[in-house]
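S.K.: What follows is the file work.txt, containing compact mmCIF, C-alpha atoms:
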# COMPACT_ATOMS: atom_id res chain seq x y z
CA SER A 1 154.24 178.83 179.28
CA GLN A 2 153.97 182.54 179.82
CA ASN A 3 155.45 185.33 177.75
CA THR A 4 157.47 187.88 179.67
CA PRO A 5 157.65 191.45 178.42
CA PRO A 6 160.69 191.90 176.16
CA ALA A 7 162.03 194.76 178.30
CA ALA A 8 162.29 192.55 181.37
CA ASP A 9 164.12 189.86 179.45
CA LYS A 10 167.08 191.62 177.89
CA SER A 11 169.25 191.99 180.98
CA VAL A 12 168.70 188.40 182.05
CA VAL A 13 168.56 186.41 178.84
CA ALA A 14 170.45 187.26 175.69
CA GLY A 15 169.20 184.22 173.82
CA ALA A 16 168.69 180.55 174.54
CA GLY A 17 172.41 179.79 174.78
CA ALA A 18 173.03 182.52 177.34
CA ALA A 19 170.11 181.39 179.48
CA ALA A 20 172.09 178.39 180.67
CA ALA A 21 175.04 180.58 181.65
CA VAL A 22 173.06 183.09 183.70
CA THR A 23 171.81 180.90 186.50
CA GLY A 24 172.73 182.47 189.83
CA ASN A 25 169.76 184.84 190.08
CA THR A 26 166.81 182.62 189.17
CA LEU A 27 164.80 179.76 190.64
CA SER A 28 162.42 177.72 188.52
CA GLY A 29 160.18 174.72 188.84
CA THR A 30 156.61 173.56 189.12
CA VAL A 31 153.88 173.82 191.75
CA THR A 32 151.24 171.10 191.97
CA LEU A 33 148.25 170.61 194.24
CA SER A 34 147.97 167.37 196.19
CA PRO A 35 144.93 165.41 194.97
CA ALA A 36 143.78 165.24 198.60
CA PHE A 37 143.29 169.02 198.57
CA ALA A 38 141.87 169.42 195.06
CA GLY A 39 138.33 169.87 196.41
CA LYS A 40 139.37 172.66 198.78
CA ALA A 41 140.55 175.09 196.09
CA SER A 42 138.56 177.05 193.51
CA PRO A 43 139.95 178.02 190.08
CA ASP A 44 139.88 181.73 190.99
CA ASP A 45 141.73 181.34 194.29
CA THR A 46 145.04 183.18 194.40
CA LEU A 47 148.29 181.21 194.26
CA PHE A 48 151.32 182.93 195.77
CA ILE A 49 154.82 181.58 195.12
CA PHE A 50 157.46 183.09 197.43
CA ALA A 51 161.21 182.58 197.69
CA ARG A 52 162.63 183.37 201.12
CA ALA A 53 166.11 183.14 202.58
CA LYS A 54 166.47 180.01 204.72
CA GLU A 55 167.93 182.22 207.46
CA GLY A 56 167.35 185.89 208.15
CA PRO A 57 164.39 188.18 207.58
CA PRO A 58 161.21 186.51 206.29
CA MET A 59 160.65 189.19 203.62
CA PRO A 60 160.29 187.46 200.25
CA ARG A 61 163.26 187.59 197.90
CA ALA A 62 160.88 187.02 194.98
CA ILE A 63 157.12 186.74 194.60
CA SER A 64 154.97 185.38 191.78
CA VAL A 65 151.17 185.53 191.80
CA LYS A 66 149.01 183.13 189.81
CA LYS A 67 145.59 181.51 190.06
CA VAL A 68 144.65 177.95 191.05
CA ARG A 69 143.43 177.40 187.47
CA ASP A 70 147.11 177.70 186.41
CA LEU A 71 148.01 174.52 188.34
CA PRO A 72 150.16 172.64 187.75
CA ALA A 73 152.01 175.96 187.48
CA SER A 74 155.51 176.54 186.17
CA PHE A 75 157.32 179.37 187.90
CA LEU A 76 160.42 181.47 187.29
CA LEU A 77 161.53 183.65 190.19
CA THR A 78 164.30 186.19 189.51
CA ASP A 79 166.20 189.00 191.18
CA GLY A 80 164.03 192.10 191.04
CA MET A 81 160.80 190.24 191.94
CA GLY A 82 161.30 190.75 195.68
CA ALA A 83 159.51 192.91 198.21
CA ARG A 84 162.42 195.40 198.08
CA PRO A 85 165.16 195.98 195.45
CA ASP A 86 167.93 195.00 197.88
CA LEU A 87 166.31 191.63 198.58
CA LYS A 88 167.70 189.38 195.88
CA ILE A 89 167.76 185.65 195.28
CA SER A 90 171.41 185.88 194.25
CA ASN A 91 172.76 187.26 197.53
CA VAL A 92 171.72 184.44 199.87
CA PRO A 93 173.21 180.93 199.83
CA GLN A 94 170.07 178.95 200.64
CA LEU A 95 166.38 179.59 200.05
CA ILE A 96 163.06 177.89 200.61
CA ILE A 97 160.20 178.39 198.18
CA SER A 98 156.67 178.30 199.48
CA ALA A 99 153.48 178.06 197.47
CA ARG A 100 150.20 179.08 199.08
CA ILE A 101 146.60 179.10 197.89
CA THR A 102 144.39 181.70 199.52
CA LYS A 103 140.73 182.55 199.01
CA SER A 104 141.27 186.03 200.52
CA GLY A 105 143.97 187.03 198.03
CA LYS A 106 146.06 188.43 200.90
CA ALA A 107 149.80 187.89 201.09
CA MET A 108 149.79 187.03 204.80
CA PRO A 109 148.83 183.41 205.64
CA GLU A 110 145.34 182.88 207.03
CA SER A 111 143.70 179.87 208.62
CA GLY A 112 142.40 177.53 205.93
CA ASP A 113 144.99 178.52 203.32
CA LEU A 114 146.68 175.61 201.54
CA GLN A 115 150.45 175.54 201.32
CA GLY A 116 153.52 173.57 200.41
CA PHE A 117 157.28 174.08 200.63
CA SER A 118 160.34 173.22 198.60
CA GLN A 119 163.42 171.54 199.95
CA ILE A 120 166.30 173.94 200.64
CA VAL A 121 167.40 175.32 197.28
CA LYS A 122 170.23 177.55 196.12
CA PRO A 123 170.27 180.38 193.58
CA GLY A 124 170.18 179.00 190.06
CA ASP A 125 168.34 175.77 190.91
CA LYS A 126 165.88 174.46 188.33
CA ASN A 127 163.22 171.73 188.26
CA ILE A 128 162.16 172.54 191.82
CA ASN A 129 158.97 170.67 192.67
CA ILE A 130 156.55 171.99 195.27
CA VAL A 131 153.44 170.05 196.27
CA ILE A 132 150.73 171.98 198.09
CA ASP A 133 149.84 169.37 200.70
CA GLN A 134 149.24 171.21 203.99
CA GLN A 135 146.48 173.39 205.41
CA VAL A 136 147.25 176.43 207.55
CA PRO A 137 145.69 175.75 210.99
Please, can you express the file's structure as structure tokens?
M.R.:
Amino acid sequence: SQNTPPAADKSVVAGAGAAAAVTGNTLSGTVTLSPAFAGKASPDDTLFIFARAKEGPPMPRAISVKKVRDLPASFLLTDGMGARPDLKISNVPQLIISARITKSGKAMPESGDLQGFSQIVKPGDKNINIVIDQQVP
């Protein structure tokens, strides 16, 4: 698992016990790549993990960037990781998390990118599983 900088942690987590109490502004889980697509991705390809509101503007509420070599990848998305400060996980009732592998490294989807989506989730959900099992036409 990854170490986060101590400064970023203090406001969210005050120790292991408090982590369970502060749940409304995070989403966590794991992204895996479908075996059918394993041959289409290279270790250095970029993996984007986005949380978006189920309804409303498509701007991401939180973004995490990893590499294909990190798969299966654990993720933790929190308030403050969005495209703008006012776009938070905690202020929408339902979200969908998408995971996308791109060779270009660009945030916008391109033909040939590989992607997968979560079920509808709500702020605070954990153990969200996303399987990358589709190709962008």
S.K.: Considering only C-alpha atoms, return as a ChimeraX atom specification whatever protein or nucleic-acid residues lie within 9 Å of segment 65-78 of chain A, sequence-local ones (same chain, fewer than 6 positions apart) excluded.
M.R.: /A:1-2,12,25-33,41-51,88-90,101,126
S.K.: Could you take the residues named above and write them with C-alpha atoms, as a PDB file, in the frame of the given file?
M.R.:
ATOM      1  CA  SER A   1     154.240 178.830 179.280  1.00  0.00           C
ATOM      2  CA  GLN A   2     153.970 182.540 179.820  1.00  0.00           C
ATOM      3  CA  VAL A  12     168.700 188.400 182.050  1.00  0.00           C
ATOM      4  CA  ASN A  25     169.760 184.840 190.080  1.00  0.00           C
ATOM      5  CA  THR A  26     166.810 182.620 189.170  1.00  0.00           C
ATOM      6  CA  LEU A  27     164.800 179.760 190.640  1.00  0.00           C
ATOM      7  CA  SER A  28     162.420 177.720 188.520  1.00  0.00           C
ATOM      8  CA  GLY A  29     160.180 174.720 188.840  1.00  0.00           C
ATOM      9  CA  THR A  30     156.610 173.560 189.120  1.00  0.00           C
ATOM     10  CA  VAL A  31     153.880 173.820 191.750  1.00  0.00           C
ATOM     11  CA  THR A  32     151.240 171.100 191.970  1.00  0.00           C
ATOM     12  CA  LEU A  33     148.250 170.610 194.240  1.00  0.00           C
ATOM     13  CA  ALA A  41     140.550 175.090 196.090  1.00  0.00           C
ATOM     14  CA  SER A  42     138.560 177.050 193.510  1.00  0.00           C
ATOM     15  CA  PRO A  43     139.950 178.020 190.080  1.00  0.00           C
ATOM     16  CA  ASP A  44     139.880 181.730 190.990  1.00  0.00           C
ATOM     17  CA  ASP A  45     141.730 181.340 194.290  1.00  0.00           C
ATOM     18  CA  THR A  46     145.040 183.180 194.400  1.00  0.00           C
ATOM     19  CA  LEU A  47     148.290 181.210 194.260  1.00  0.00           C
ATOM     20  CA  PHE A  48     151.320 182.930 195.770  1.00  0.00           C
ATOM     21  CA  ILE A  49     154.820 181.580 195.120  1.00  0.00           C
ATOM     22  CA  PHE A  50     157.460 183.090 197.430  1.00  0.00           C
ATOM     23  CA  ALA A  51     161.210 182.580 197.690  1.00  0.00           C
ATOM     24  CA  LYS A  88     167.700 189.380 195.880  1.00  0.00           C
ATOM     25  CA  ILE A  89     167.760 185.650 195.280  1.00  0.00           C
ATOM     26  CA  SER A  90     171.410 185.880 194.250  1.00  0.00           C
ATOM     27  CA  ILE A 101     146.600 179.100 197.890  1.00  0.00           C
ATOM     28  CA  LYS A 126     165.880 174.460 188.330  1.00  0.00           C
TER      29      LYS A 126
END
S.K.: Between atom CA of Pro57 of chain A and atom CA of Asn129 of chain A, what is the distance, to one decimal in Å?
M.R.: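 So the answer is 23.6 Å.
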S.K.: Which is closest to Met81 of chain A among A:Arg52, A:Lys106, A:Lys40, A:Arg100, if we use all atoms listed in the file?
M.R.: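 Of A:Arg52, A:Lys106, A:Lys40, A:Arg100, the one nearest Met81 of chain A is A:Arg52, counting all atoms listed in the file.
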S.K.: Any idea what the distance is between atom CA of Ala53 of chain A and atom CA of Pro93 of chain A?
M.R.: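 So the answer is 7.9 Å.
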S.K.: Atom CA of Arg84 of chain A and atom CA of Val121 of chain A are how many Å apart?
M.R.: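 Taking atom CA of Arg84 of chain A and atom CA of Val121 of chain A, their separation equals 20.7 Å.
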S.K.: Nearest to Ser64 of chain A: which of A:Pro35, A:Pro85, A:Asn91, A:Ala107 is it, counting all atoms listed in the file?
M.R.: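 For Ser64 of chain A, the nearest of the candidates is A:Ala107.
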S.K.: Kindly indicate which residue among A:Met108, A:Ala99, A:Val131, A:Met59 lies nearest to Asp86 of chain A, using all atoms listed in the file for the distances.
M.R.: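 Answer, going by the shortest atom-to-atom distance: A:Met59.
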S.K.: Please return the centre and edge lengths, in Å to one decimal, of a box with edges along x, y and z that contains all listed atoms of segment 78-85 of chain A, widened by 5 Å on every side, as AutoDock Vina command-line options.
M.R.:
--center_x 162.9 --center_y 191.1 --center_z 193.9 --size_x 16.7 --size_y 19.8 --size_z 18.7
S.K.: For a quick check of your reading of the model, name the residues lying within 6 Å of the coordinate (148.2, 171.6, 201.4), counting all atoms listed in the file, and write them as a compact mmCIF listing (two decimals) with C-alpha atoms, in the frame of the given file.
M.R.:
# COMPACT_ATOMS: atom_id res chain seq x y z
CA LEU A 114 146.68 175.61 201.54
CA GLN A 115 150.45 175.54 201.32
CA GLY A 116 153.52 173.57 200.41
CA ILE A 132 150.73 171.98 198.09
CA ASP A 133 149.84 169.37 200.70
CA GLN A 134 149.24 171.21 203.99
CA GLN A 135 146.48 173.39 205.41
